[in-house]
Number of protein chains: 4
Amino acid sequence: MEITFIGLGNMGFPMASNLIKAGFKLTVFDVVAEFVRRCVELGAKASASVVEAVQNAEAVITMVPASSHVLDLYLGSGAIVAATKPTTLLIDCSTISVEASRKVASAAAGRGQDMIDAPVSGGTQGAINATLTFMVGGEANAVERARPLLEKMGKTIRHAGPSGAGQTVKMCNNMLLGIQMVGTSEALKLGLANGVDPRVLSEIMCSSSGRNWTLEVYNPCPGIMDNTPASRGYSGGFSVDLMYKDLGLAQESAIALQVATPLGSMVRNLYALHSRASGHLDFSSIYQFLSGKNA
Amino acid sequence: MEITFIGLGNMGFPMASNLIKAGFKLTVFDVVAEFVRRCVELGAKASASVVEAVQNAEAVITMVPASSHVLDLYLGSGAIVAATKPTTLLIDCSTISVEASRKVASAAAGRGQDMIDAPVSGGTQGAINATLTFMVGGEANAVERARPLLEKMGKTIRHAGPSGAGQTVKMCNNMLLGIQMVGTSEALKLGLANGVDPRVLSEIMCSSSGRNWTLEVYNPCPGIMDNTPASRGYSGGFSVDLMYKDLGLAQESAIALQVATPLGSMVRNLYALHSRASGHLDFSSIYQFLSGKNA
Amino acid sequence: MEITFIGLGNMGFPMASNLIKAGFKLTVFDVVAEFVRRCVELGAKASASVVEAVQNAEAVITMVPASSHVLDLYLGSGAIVAATKPTTLLIDCSTISVEASRKVASAAAGRGQDMIDAPVSGGTQGAINATLTFMVGGEANAVERARPLLEKMGKTIRHAGPSGAGQTVKMCNNMLLGIQMVGTSEALKLGLANGVDPRVLSEIMCSSSGRNWTLEVYNPCPGIMDNTPASRGYSGGFSVDLMYKDLGLAQESAIALQVATPLGSMVRNLYALHSRASGHLDFSSIYQFLSGKNA
Amino acid sequence: MEITFIGLGNMGFPMASNLIKAGFKLTVFDVVAEFVRRCVELGAKASASVVEAVQNAEAVITMVPASSHVLDLYLGSGAIVAATKPTTLLIDCSTISVEASRKVASAAAGRGQDMIDAPVSGGTQGAINATLTFMVGGEANAVERARPLLEKMGKTIRHAGPSGAGQTVKMCNNMLLGIQMVGTSEALKLGLANGVDPRVLSEIMCSSSGRNWTLEVYNPCPGIMDNTPASRGYSGGFSVDLMYKDLGLAQESAIALQVATPLGSMVRNLYALHSRASGHLDFSSIYQFLSGKNA
């Protein structure tokens, strides 16, 4: 099966590598020559342009930073929708706005193409280990066509609904995650100011109604859990800048669709302030940002 | 063992009942005659005053609405600290401020008395079924003295630290719970506005980093889970007014101790607005309050 | 001078009327036939299409509800930029996003046309009385060309900077206005709960550092000022829905440009919640929305 | 007239000095010997204790940092209420909680004493120049008795209502001021990110519905106004720490009285975060704190 993979950065490169290892024949493209070279060394074929890269592909996979890149690749200078065959399967793994995702999918559908939005969670480590989770939007048969490819790059494939549903689920999940990270940090700080050991407080809340994913596996207070970013100076993990980007996508959608999200917008503002100095740290570092005079 | 139980309302009555069923000899007091009568029918002995009720008690248990009641019972007109023996064990199960709790415990310590703060979670159903969780603050030996009593009224006893730690843990847990309830509601509303089925969104988030207790057992969207308040018109459960009270306790503490809790204070304000019309509904009804024009 | 006026609703009709009264020869267009008829009765000439309406115009003025309408009128089906002469002066009085405004102005500049963004404040009464304030963005000479027209429709013309600056100033001003309206309401409610007469409190704050435009001329508490919406059941004035729209524009811009606006986004959320039931009321009615249990 | 002045710090010393200059005979007390000495040099008489200082006073004026000090001075170890004559006029100029203020006034009333709460605005410069504004709560005749003294220390005396009304007005005004300072900063930042000169934006908003005291005399953006803290590195003025204290008083009251103040509580949290590093700067420095990635 001829696959074209576009966008070979921190996420795209290990994802493409896993497809190569699984025996797929890859044509690749990236604007960074060094990224292309790494893939060619593994056996991929380089292409001089997006159009050239995709014209014979049976499936195209894209993994790029933002809505503008996806729009340009599929509908603009890249012209993937126009340059590919009607039978080509289009898979966008980028995390972008629901609106942009649907715009591209709608154009693809106009040419009779199957397209899915399939943003991921799991980070670079998940990409390397092929343990990513894909949140997928699109027609059921398109998802089935994509499954053999997605399964080589990830462990869990969740079909969330029609086109745009993958982006929606990721956006909603990460907004809630951001809220929980800030909320957990506030609770631990308030406990600390009242003289309660954050380890004990974490344990009790984790077995009570305050339980959430951050308390289970990603405690933001240093020293409580091993192998968390908080316990290694907030390095590694999911960066403040990436969380901030996802919170912005959620707010754009909330404003466009007139949804009230008071906590989601507050958390975006907190990460906006935090990102100025600490954008590269893990997003659990908001725990440190949230310090008043005493805690 | 002679036990005095003061405060026989929705929570206190079933708790006292469970002690009576377990064979303890109870003296009871409440300002509501009807509440007292219910206990007397079960075999408790009524008392004309707090002072009379507590003077021969080996243990005193109180379950009243607010800090002011506890302060009055122990240090004011009730004079429990002064009227009891130095060997009397004092157990306050009310949910009150850490500050008030420590003030009473400190006075008790001055007379050599053991005192613990032991607020509960689990609601009236937990009180009836003796499945409450006690979050306990106080000296370890005082907690051990109280354990045989607490075990008759609840299932889980968590020693959180010194005096006030029980109140602290409950306050922090419930603040975080409130934040999660609002955050989950926002995420589900945003998903809905983007056309994603809240059931599917809930399932995916619950197996992802957005997981929290509300998604696991208390989904605020009607129809997703059986046996939740949301699926029976937000009746039963933990009321908006009680959540609002706990959020107020957390904010009082945050202000006094100069802790920054932007989400905690926002959630208090949202429940303040919601409580005006819907204070008696379950606190998950904030899902309905959080509706903008389209969702 | 041949002028074409497009968009003849609550604002556009009185603005066009004032130009007709001032002796200008107007060609008009609106999708609502009745709106067109009202202008024809005053002496305007109707046109069958936007393209026909604008092709001989020396100046085109547009007053429509949203960015999408402006984009469609100038660059889409209306094709104003393409259909007018290079010497035609283009004036958009709509309140839209800075981004959309700049996009159109940039296209116009590409054809050598002068274009200004000139959103207004002052409401329908200001439009009727020709006392509007225009906040204008564009080249200085374009503003000078427009001045004789603007002066017939308004009293104050403020040149704020290059293209988009008019929209920026209106958006910033109205975000700040919304914040002040909510802030003033909170202060008055807090005073009331503490037993202070809101009239006395308003007077003292208005002569102190709490002074703002709402305290000076638009007090949200009923009965304090005559002739305010608050004193006539929040009817008339500037509607919740319009304030909500402007707050949304500000937040879209804040997210796109990565600006932190914690109060601006909170106020958008409060108006989102308020608009559900009370979108048609004056925006000072947020005073009533902001009532907790006691005030 | 025999006056006793207690609390001779940054505010109290110049206030006491102005009374001495006006010919009043002062007895003074402070726990800081150096503060006492400065007053003695101007002609005041020192006292060894509060009780000794007040027992022959016709009027007592207090100017101390917090509720706890006032409670201790009047009802605790200082015992001013008990130690003074029934005819002694009591004037507390401290900024404290309404609740504490009313508690003391109520005790004073029980002994037949006139007491007013008279917190000030105007800062140390206003204290030095005798241009303070007094916001006064208490009986009308008590205010009239105090007027000859207040007029020597300030320029404006506003009687706001019964006991506690002075504190209420100051608390509400400063909460609104904090909201306006943050709101103005957000608007200027958003304008800047959109390329509009903050000076132009300030001017236009100041003559529009965004007008408020900060735009009129205290612009937080450096370089726009001469003689503002913003134009001298945020030195001088009204400190972040003092604003933070006042915002805390407002929130304590809002929680106790169940008032919804979403912006007031958000602003408290922002100043909590800001105060950690910059508590000594002028409160307009929140303009710098509110910077995201781009502005």
# chains A, B, ... in the order shown; residues from 1 in each chain; ligands from 1
$ residues_around --residues "range 77-86 of chain D" --least-positions-apart "6" --cutoff "10 Å" --atoms "only C-alpha atoms" --output "list in words"
Ser49, Val50, Val51, Glu52, Ala53, Val54, Gln55, Asn56, Ala57, Glu58, Ala59, Val60, His69, Val70, Leu71, Val104, Ala105, Ala107, Ala108, Ala109, Gly110, Arg111, Gly112, Gln113, Asp114 and Met115 of chain D
$ interface_residues --of "chain C" --to "chain A" --cutoff "7 Å" --atoms "only C-alpha atoms" --output "ChimeraX atom specification"
/C:248,252,255,258,260-262,265-266,269,272-273
$ calpha_fit_and_write --fixed "chain B" --moving "chain C" --output "short mmCIF file (atom, residue, chain, number, x, y, z; two decimals) with C-alpha atoms, in the first residue's frame"
data_model
loop_
_atom_site.label_atom_id
_atom_site.label_comp_id
_atom_site.auth_asym_id
_atom_site.auth_seq_id
_atom_site.Cartn_x
_atom_site.Cartn_y
_atom_site.Cartn_z
CA MET C 1 -20.06 3.12 76.98
CA GLU C 2 -22.06 6.29 77.61
CA ILE C 3 -22.32 8.38 74.48
CA THR C 4 -24.02 11.70 73.95
CA PHE C 5 -25.14 12.63 70.46
CA ILE C 6 -26.10 16.22 69.68
CA GLY C 7 -27.70 17.27 66.40
CA LEU C 8 -30.27 14.78 65.14
CA GLY C 9 -31.20 16.08 61.67
CA ASN C 10 -30.96 14.43 58.26
CA MET C 11 -27.44 13.19 58.95
CA GLY C 12 -27.34 13.04 62.72
CA PHE C 13 -30.45 10.91 63.16
CA PRO C 14 -29.34 7.94 61.02
CA MET C 15 -25.82 8.15 62.48
CA ALA C 16 -27.21 8.05 66.02
CA SER C 17 -29.55 5.24 65.01
CA ASN C 18 -26.65 3.13 63.83
CA LEU C 19 -24.89 3.60 67.16
CA ILE C 20 -28.05 2.55 69.01
CA LYS C 21 -28.40 -0.49 66.76
CA ALA C 22 -24.79 -1.37 67.54
CA GLY C 23 -25.66 -1.51 71.24
CA PHE C 24 -24.32 1.79 72.46
CA LYS C 25 -26.25 3.63 75.18
CA LEU C 26 -27.11 7.05 73.83
CA THR C 27 -28.13 10.30 75.42
CA VAL C 28 -29.36 12.74 72.81
CA PHE C 29 -30.10 16.43 72.39
CA ASP C 30 -31.55 18.60 69.67
CA VAL C 31 -33.49 21.85 69.70
CA VAL C 32 -36.16 20.17 67.58
CA ALA C 33 -38.35 18.08 69.89
CA GLU C 34 -39.55 15.86 67.08
CA PHE C 35 -35.95 14.88 66.24
CA VAL C 36 -35.37 13.92 69.86
CA ARG C 37 -38.60 11.90 69.99
CA ARG C 38 -37.51 9.78 66.98
CA CYS C 39 -34.36 8.78 68.85
CA VAL C 40 -36.14 8.12 72.12
CA GLU C 41 -38.39 5.69 70.28
CA LEU C 42 -35.26 3.77 69.30
CA GLY C 43 -34.12 3.62 72.92
CA ALA C 44 -32.10 6.80 73.43
CA LYS C 45 -32.42 8.94 76.53
CA ALA C 46 -33.43 12.57 76.09
CA SER C 47 -31.83 15.43 77.97
CA ALA C 48 -33.17 18.84 78.87
CA SER C 49 -29.98 20.71 78.02
CA VAL C 50 -26.61 20.27 76.41
CA VAL C 51 -24.85 20.60 79.74
CA GLU C 52 -27.00 17.93 81.32
CA ALA C 53 -26.63 15.72 78.27
CA VAL C 54 -22.84 15.71 78.27
CA GLN C 55 -21.75 15.76 81.90
CA ASN C 56 -21.49 12.00 82.34
CA ALA C 57 -20.60 11.13 78.76
CA GLU C 58 -17.52 9.09 77.90
CA ALA C 59 -17.83 10.40 74.37
CA VAL C 60 -19.70 13.31 72.83
CA ILE C 61 -20.56 13.39 69.14
CA THR C 62 -21.88 16.55 67.47
CA MET C 63 -23.41 16.92 64.01
CA VAL C 64 -24.67 20.47 63.41
CA PRO C 65 -24.89 22.82 60.40
CA ALA C 66 -22.24 25.50 60.84
CA SER C 67 -19.19 26.90 62.64
CA SER C 68 -21.33 29.15 64.78
CA HIS C 69 -23.26 26.18 66.17
CA VAL C 70 -20.10 24.25 67.00
CA LEU C 71 -18.52 27.25 68.70
CA ASP C 72 -21.66 27.80 70.74
CA LEU C 73 -22.04 24.14 71.67
CA TYR C 74 -18.46 23.62 72.80
CA LEU C 75 -17.37 27.04 74.06
CA GLY C 76 -20.54 29.08 74.38
CA SER C 77 -23.91 28.32 75.86
CA GLY C 78 -23.45 24.58 75.43
CA ALA C 79 -20.12 24.64 77.27
CA ILE C 80 -19.28 21.08 76.31
CA VAL C 81 -15.57 21.59 76.85
CA ALA C 82 -16.14 22.90 80.37
CA ALA C 83 -19.00 20.58 81.29
CA THR C 84 -17.40 17.27 80.34
CA LYS C 85 -14.77 15.25 82.16
CA PRO C 86 -11.11 15.51 81.15
CA THR C 87 -11.36 11.93 79.95
CA THR C 88 -14.36 12.53 77.69
CA LEU C 89 -13.65 11.99 74.01
CA LEU C 90 -15.03 14.80 71.83
CA ILE C 91 -15.96 14.10 68.22
CA ASP C 92 -17.31 16.81 65.95
CA CYS C 93 -18.71 15.44 62.69
CA SER C 94 -20.01 18.81 61.43
CA THR C 95 -18.55 20.42 58.32
CA ILE C 96 -17.20 23.74 59.54
CA SER C 97 -14.24 26.04 59.07
CA VAL C 98 -10.76 24.78 59.87
CA GLU C 99 -10.28 27.82 62.04
CA ALA C 100 -13.34 27.19 64.21
CA SER C 101 -12.48 23.52 64.43
CA ARG C 102 -8.98 24.27 65.67
CA LYS C 103 -10.23 26.83 68.15
CA VAL C 104 -12.46 24.28 69.85
CA ALA C 105 -9.83 21.54 69.75
CA SER C 106 -7.32 23.87 71.30
CA ALA C 107 -9.67 24.69 74.17
CA ALA C 108 -10.33 20.98 74.68
CA ALA C 109 -6.60 20.25 74.70
CA GLY C 110 -6.25 22.89 77.40
CA ARG C 111 -8.42 20.71 79.62
CA GLY C 112 -6.53 17.57 78.61
CA GLN C 113 -9.37 16.30 76.46
CA ASP C 114 -9.01 14.33 73.23
CA MET C 115 -10.91 15.96 70.41
CA ILE C 116 -11.14 15.09 66.74
CA ASP C 117 -12.75 16.79 63.76
CA ALA C 118 -14.42 14.11 61.69
CA PRO C 119 -16.54 15.56 58.88
CA VAL C 120 -18.15 13.04 56.60
CA SER C 121 -18.91 12.41 52.96
CA GLY C 122 -21.52 10.02 51.63
CA GLY C 123 -24.72 11.95 52.22
CA THR C 124 -27.89 10.84 53.94
CA GLN C 125 -27.81 7.50 52.12
CA GLY C 126 -24.33 6.86 53.45
CA ALA C 127 -25.48 7.82 56.93
CA ILE C 128 -28.44 5.43 56.76
CA ASN C 129 -26.34 2.56 55.40
CA ALA C 130 -23.39 3.24 57.69
CA THR C 131 -21.14 3.65 54.65
CA LEU C 132 -19.93 7.18 55.36
CA THR C 133 -16.33 8.22 54.89
CA PHE C 134 -14.84 10.09 57.84
CA MET C 135 -12.00 12.53 57.18
CA VAL C 136 -10.36 12.89 60.55
CA GLY C 137 -8.06 15.41 62.15
CA GLY C 138 -6.51 15.03 65.60
CA GLU C 139 -3.96 13.08 67.61
CA ALA C 140 -3.44 9.48 66.53
CA ASN C 141 -4.52 8.07 69.90
CA ALA C 142 -7.72 10.14 69.86
CA VAL C 143 -8.50 8.78 66.43
CA GLU C 144 -7.96 5.25 67.74
CA ARG C 145 -10.28 5.90 70.67
CA ALA C 146 -12.93 7.14 68.23
CA ARG C 147 -12.54 4.35 65.71
CA PRO C 148 -14.95 1.84 67.32
CA LEU C 149 -17.67 4.49 67.20
CA LEU C 150 -16.89 5.78 63.72
CA GLU C 151 -16.84 2.23 62.36
CA LYS C 152 -20.44 1.76 63.38
CA MET C 153 -21.46 4.85 61.39
CA GLY C 154 -19.21 4.57 58.36
CA LYS C 155 -17.07 2.35 56.19
CA THR C 156 -13.91 4.35 55.71
CA ILE C 157 -11.92 6.28 58.27
CA ARG C 158 -9.09 8.44 56.93
CA HIS C 159 -6.73 10.07 59.40
CA ALA C 160 -5.54 13.18 57.60
CA GLY C 161 -3.27 14.80 60.19
CA PRO C 162 -3.49 16.95 63.31
CA SER C 163 -6.49 18.92 64.49
CA GLY C 164 -8.30 20.65 61.62
CA ALA C 165 -6.92 18.25 59.01
CA GLY C 166 -10.27 16.50 58.66
CA GLN C 167 -12.00 19.78 57.84
CA THR C 168 -9.15 20.75 55.53
CA VAL C 169 -9.38 17.56 53.52
CA LYS C 170 -13.13 17.76 53.18
CA MET C 171 -12.96 21.41 52.13
CA CYS C 172 -10.22 20.78 49.56
CA ASN C 173 -11.90 17.68 48.20
CA ASN C 174 -15.26 19.38 47.77
CA MET C 175 -13.72 22.45 46.17
CA LEU C 176 -12.02 20.16 43.67
CA LEU C 177 -15.26 18.23 43.20
CA GLY C 178 -17.11 21.46 42.44
CA ILE C 179 -14.45 22.46 39.93
CA GLN C 180 -14.66 19.08 38.26
CA MET C 181 -18.43 19.17 38.09
CA VAL C 182 -18.38 22.56 36.38
CA GLY C 183 -15.44 21.59 34.17
CA THR C 184 -17.11 18.34 33.09
CA SER C 185 -20.33 20.22 32.36
CA GLU C 186 -18.47 22.75 30.23
CA ALA C 187 -16.70 19.99 28.28
CA LEU C 188 -19.95 18.13 27.61
CA LYS C 189 -21.73 21.32 26.52
CA LEU C 190 -18.87 22.27 24.21
CA GLY C 191 -18.93 18.79 22.70
CA LEU C 192 -22.69 18.94 22.25
CA ALA C 193 -22.47 22.31 20.50
CA ASN C 194 -19.97 20.68 18.14
CA GLY C 195 -22.37 17.83 17.43
CA VAL C 196 -20.75 15.09 19.49
CA ASP C 197 -22.93 12.70 21.49
CA PRO C 198 -22.33 13.45 25.21
CA ARG C 199 -22.45 9.73 25.96
CA VAL C 200 -19.62 8.99 23.54
CA LEU C 201 -17.68 12.02 24.69
CA SER C 202 -18.10 10.99 28.33
CA GLU C 203 -16.88 7.48 27.62
CA ILE C 204 -13.79 8.61 25.75
CA MET C 205 -12.84 11.30 28.28
CA CYS C 206 -13.39 8.80 31.11
CA SER C 207 -10.75 6.53 29.60
CA SER C 208 -8.44 9.47 28.88
CA SER C 209 -6.74 12.26 30.79
CA GLY C 210 -10.08 14.02 31.31
CA ARG C 211 -11.19 11.25 33.63
CA ASN C 212 -12.65 12.29 36.96
CA TRP C 213 -15.12 11.07 39.55
CA THR C 214 -18.08 12.88 37.98
CA LEU C 215 -17.52 11.10 34.65
CA GLU C 216 -17.07 7.80 36.45
CA VAL C 217 -20.15 7.78 38.64
CA TYR C 218 -22.02 11.09 38.61
CA ASN C 219 -22.42 12.35 35.04
CA PRO C 220 -24.27 15.69 35.07
CA CYS C 221 -25.86 15.19 31.64
CA PRO C 222 -29.32 13.64 31.87
CA GLY C 223 -29.74 10.15 30.44
CA ILE C 224 -26.12 9.06 30.34
CA MET C 225 -26.05 7.13 33.58
CA ASP C 226 -28.80 5.39 35.49
CA ASN C 227 -29.28 6.20 39.14
CA THR C 228 -27.66 9.60 39.01
CA PRO C 229 -29.45 12.78 40.09
CA ALA C 230 -29.10 14.04 36.49
CA SER C 231 -31.25 11.17 35.31
CA ARG C 232 -34.05 11.92 37.77
CA GLY C 233 -34.46 15.64 37.36
CA TYR C 234 -31.51 16.49 39.63
CA SER C 235 -33.42 15.36 42.70
CA GLY C 236 -31.71 13.72 45.66
CA GLY C 237 -27.94 13.66 45.94
CA PHE C 238 -25.79 16.50 47.28
CA SER C 239 -27.61 19.79 47.10
CA VAL C 240 -26.48 23.00 45.40
CA ASP C 241 -26.84 24.75 48.76
CA LEU C 242 -24.52 22.31 50.53
CA MET C 243 -21.91 22.51 47.76
CA TYR C 244 -22.22 26.28 47.89
CA LYS C 245 -21.63 26.24 51.65
CA ASP C 246 -18.49 24.10 51.27
CA LEU C 247 -17.16 26.32 48.48
CA GLY C 248 -17.63 29.28 50.81
CA LEU C 249 -15.60 27.57 53.54
CA ALA C 250 -12.80 26.95 51.05
CA GLN C 251 -12.81 30.59 49.94
CA GLU C 252 -12.81 31.91 53.50
CA SER C 253 -9.74 29.82 54.13
CA ALA C 254 -8.08 30.83 50.85
CA ILE C 255 -8.55 34.51 51.67
CA ALA C 256 -7.42 34.21 55.28
CA LEU C 257 -4.29 32.25 54.29
CA GLN C 258 -3.63 34.23 51.10
CA VAL C 259 -3.89 31.31 48.70
CA ALA C 260 -4.73 31.90 45.03
CA THR C 261 -7.65 29.72 43.92
CA PRO C 262 -9.01 31.28 40.72
CA LEU C 263 -11.15 28.29 39.78
CA GLY C 264 -12.34 27.66 43.31
CA SER C 265 -13.57 31.22 43.63
CA MET C 266 -15.15 31.19 40.18
CA VAL C 267 -17.04 28.01 41.05
CA ARG C 268 -18.26 29.57 44.30
CA ASN C 269 -19.63 32.49 42.29
CA LEU C 270 -21.33 30.21 39.78
CA TYR C 271 -23.01 28.24 42.57
CA ALA C 272 -23.98 31.54 44.24
CA LEU C 273 -25.83 32.53 41.08
CA HIS C 274 -27.27 29.06 40.60
CA SER C 275 -28.39 28.68 44.21
CA ARG C 276 -30.78 31.60 43.97
CA ALA C 277 -33.32 29.59 41.98
CA SER C 278 -32.15 26.01 42.43
CA GLY C 279 -30.56 25.59 45.84
CA HIS C 280 -32.43 22.40 46.61
CA LEU C 281 -31.43 20.55 43.41
CA ASP C 282 -28.46 18.23 43.19
CA PHE C 283 -25.22 20.09 42.56
CA SER C 284 -24.82 18.44 39.15
CA SER C 285 -27.66 20.70 37.98
CA ILE C 286 -24.97 23.32 37.34
CA TYR C 287 -24.90 21.52 33.96
CA GLN C 288 -28.22 23.13 33.15
CA PHE C 289 -27.25 26.50 34.59
CA LEU C 290 -24.23 26.61 32.29
CA SER C 291 -26.25 26.96 29.14
CA GLY C 292 -25.57 29.79 26.77
CA LYS C 293 -27.62 30.57 23.69
CA ASN C 294 -26.92 27.33 21.88
CA ALA C 295 -26.08 24.63 24.37
#
$ select_by_dssp --residues "range 23-244 of chain D" --states "helix (DSSP H, G or I)" --output "ChimeraX atom specification"
/D:33-41,50-54,67-75,80-83,98-110,123-128,140-153,165-193,198-206,213-217,229-232,240-244
$ select_by_dssp --residues "range 21-98 of chain A" --states "strand (DSSP E or B)" --output "list in words"
Lys25, Leu26, Thr27, Val28, Phe29, Lys45, Ala46, Ala59, Val60, Ile61, Thr62, Leu89, Leu90, Ile91 and Asp92 of chain A
$ write_last_selection --atoms "N, CA and C atoms" --output "short mmCIF file (atom, residue, chain, number, x, y, z; two decimals), in the first residue's frame"
data_model
loop_
_atom_site.label_atom_id
_atom_site.label_comp_id
_atom_site.auth_asym_id
_atom_site.auth_seq_id
_atom_site.Cartn_x
_atom_site.Cartn_y
_atom_site.Cartn_z
N LYS A 25 5.10 1.08 2.53
CA LYS A 25 5.99 1.81 1.63
C LYS A 25 5.64 3.29 1.72
N LEU A 26 6.55 4.09 2.26
CA LEU A 26 6.22 5.49 2.53
C LEU A 26 6.90 6.48 1.58
N THR A 27 6.11 7.43 1.10
CA THR A 27 6.66 8.63 0.48
C THR A 27 6.47 9.75 1.51
N VAL A 28 7.50 10.58 1.70
CA VAL A 28 7.41 11.58 2.78
C VAL A 28 7.69 12.98 2.26
N PHE A 29 7.18 13.97 3.02
CA PHE A 29 7.47 15.36 2.70
C PHE A 29 7.49 16.19 3.99
N LYS A 45 10.76 7.27 0.74
CA LYS A 45 11.12 7.95 -0.50
C LYS A 45 10.77 9.43 -0.34
N ALA A 46 11.71 10.31 -0.66
CA ALA A 46 11.45 11.74 -0.53
C ALA A 46 10.76 12.27 -1.78
N ALA A 59 -3.12 6.33 0.50
CA ALA A 59 -3.51 7.03 1.73
C ALA A 59 -2.53 8.16 1.99
N VAL A 60 -3.04 9.28 2.46
CA VAL A 60 -2.19 10.41 2.84
C VAL A 60 -2.40 10.67 4.33
N ILE A 61 -1.30 10.78 5.06
CA ILE A 61 -1.37 11.10 6.48
C ILE A 61 -0.65 12.43 6.70
N THR A 62 -1.30 13.35 7.43
CA THR A 62 -0.66 14.64 7.72
C THR A 62 -0.57 14.85 9.23
N LEU A 89 -7.43 7.68 0.57
CA LEU A 89 -7.90 7.89 1.94
C LEU A 89 -7.08 9.01 2.57
N LEU A 90 -7.76 10.02 3.13
CA LEU A 90 -7.07 11.17 3.73
C LEU A 90 -7.20 11.11 5.25
N ILE A 91 -6.07 11.19 5.92
CA ILE A 91 -6.04 11.09 7.39
C ILE A 91 -5.26 12.28 7.94
N ASP A 92 -5.95 13.16 8.64
CA ASP A 92 -5.22 14.27 9.27
C ASP A 92 -5.10 14.01 10.77
#
